[in-house]
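S.K.: Take a look at this one; I'll ask things after.
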Amino acid sequence: MSVTELLETAQFLVDGGGEKKAVVFDYVHWEELLTLLEDLEDAKEIHCLREAESVTLKSAEDSFRQGWKEMLSGDTRPVDELWEGIDAE
């Protein structure tokens, strides 16, 4: 169902004067509406991430040359130290 179709299923609770006081949805429709809203939030977040400035990486050759210089100068760390603080499941 579309959002409009879901909203059209809403029922209203009114007071003695006929003023709308609350909205009631069938639970199945409520769950559908929540899913659609969550999807909309996700789409917005994805859009923001895509629009954010991208990070420019060095070329593979430049990265290799830098790593090679670091290795030759002794600027290295043990592999097990590199994994400290990283939780992998």
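We name chains A, B, ... following the order of the structure tokens; residues begin at 1 in each chain, and ligands are numbered from 1 as shown.
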List the neighbours of region 35-46 of chain A out to 9 Å using only C-alpha atoms; skip same-chain residues closer than 4 positions along the sequence, and give me the result as a count of residues only.

M.R.: 6

S.K.: As a ChimeraX atom specification, list the residues of chain A assigned to strand (DSSP E or B) by DSSP on the backbone atoms of this structure.

M.R.: /A:11-14,20-24

S.K.: May I have the residues from that selection written out with N, CA and C atoms, as an mmCIF file, in the first residue's frame?

M.R.:
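Wrote again23.cif, looks like this:
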data_model
loop_
_atom_site.group_PDB
_atom_site.id
_atom_site.type_symbol
_atom_site.label_atom_id
_atom_site.label_comp_id
_atom_site.auth_asym_id
_atom_site.auth_seq_id
_atom_site.Cartn_x
_atom_site.Cartn_y
_atom_site.Cartn_z
ATOM 1 N N GLN A 11 -8.885 6.008 11.217
ATOM 2 C CA GLN A 11 -10.166 6.314 11.837
ATOM 3 C C GLN A 11 -9.892 7.322 12.945
ATOM 4 N N PHE A 12 -10.857 8.176 13.217
ATOM 5 C CA PHE A 12 -10.651 9.237 14.202
ATOM 6 C C PHE A 12 -11.580 9.061 15.392
ATOM 7 N N LEU A 13 -11.015 9.309 16.565
ATOM 8 C CA LEU A 13 -11.816 9.360 17.781
ATOM 9 C C LEU A 13 -12.164 10.820 18.014
ATOM 10 N N VAL A 14 -13.417 11.066 18.293
ATOM 11 C CA VAL A 14 -13.865 12.447 18.482
ATOM 12 C C VAL A 14 -14.472 12.621 19.867
ATOM 13 N N LYS A 20 -11.902 16.094 16.492
ATOM 14 C CA LYS A 20 -10.984 14.951 16.410
ATOM 15 C C LYS A 20 -9.964 15.041 17.533
ATOM 16 N N LYS A 21 -9.787 13.923 18.235
ATOM 17 C CA LYS A 21 -8.871 13.886 19.374
ATOM 18 C C LYS A 21 -7.767 12.843 19.234
ATOM 19 N N ALA A 22 -7.980 11.810 18.415
ATOM 20 C CA ALA A 22 -6.979 10.757 18.259
ATOM 21 C C ALA A 22 -7.179 10.060 16.917
ATOM 22 N N VAL A 23 -6.128 9.399 16.486
ATOM 23 C CA VAL A 23 -6.169 8.650 15.233
ATOM 24 C C VAL A 23 -5.954 7.183 15.545
ATOM 25 N N VAL A 24 -6.712 6.322 14.887
ATOM 26 C CA VAL A 24 -6.617 4.880 15.099
ATOM 27 C C VAL A 24 -6.340 4.215 13.754
#

S.K.: CA of Asp80 (chain A) and CA of Leu57 (chain A), how far apart in Å?

M.R.: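 So the two atoms, CA of Leu57 (chain A) and CA of Asp80 (chain A), lie 25.1 Å apart.
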
S.K.: Please measure the separation of CA of Phe25 (chain A) and CA of Thr9 (chain A), giving the value in Å to one decimal.

M.R.: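 These atoms are spaced 6.8 Å apart.
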
S.K.: DSSP says helix (DSSP H, G or I) for which residues of chain A? Put them as number ranges by chain?

M.R.: A: 3-8, 27-51, 60-72, 79-82
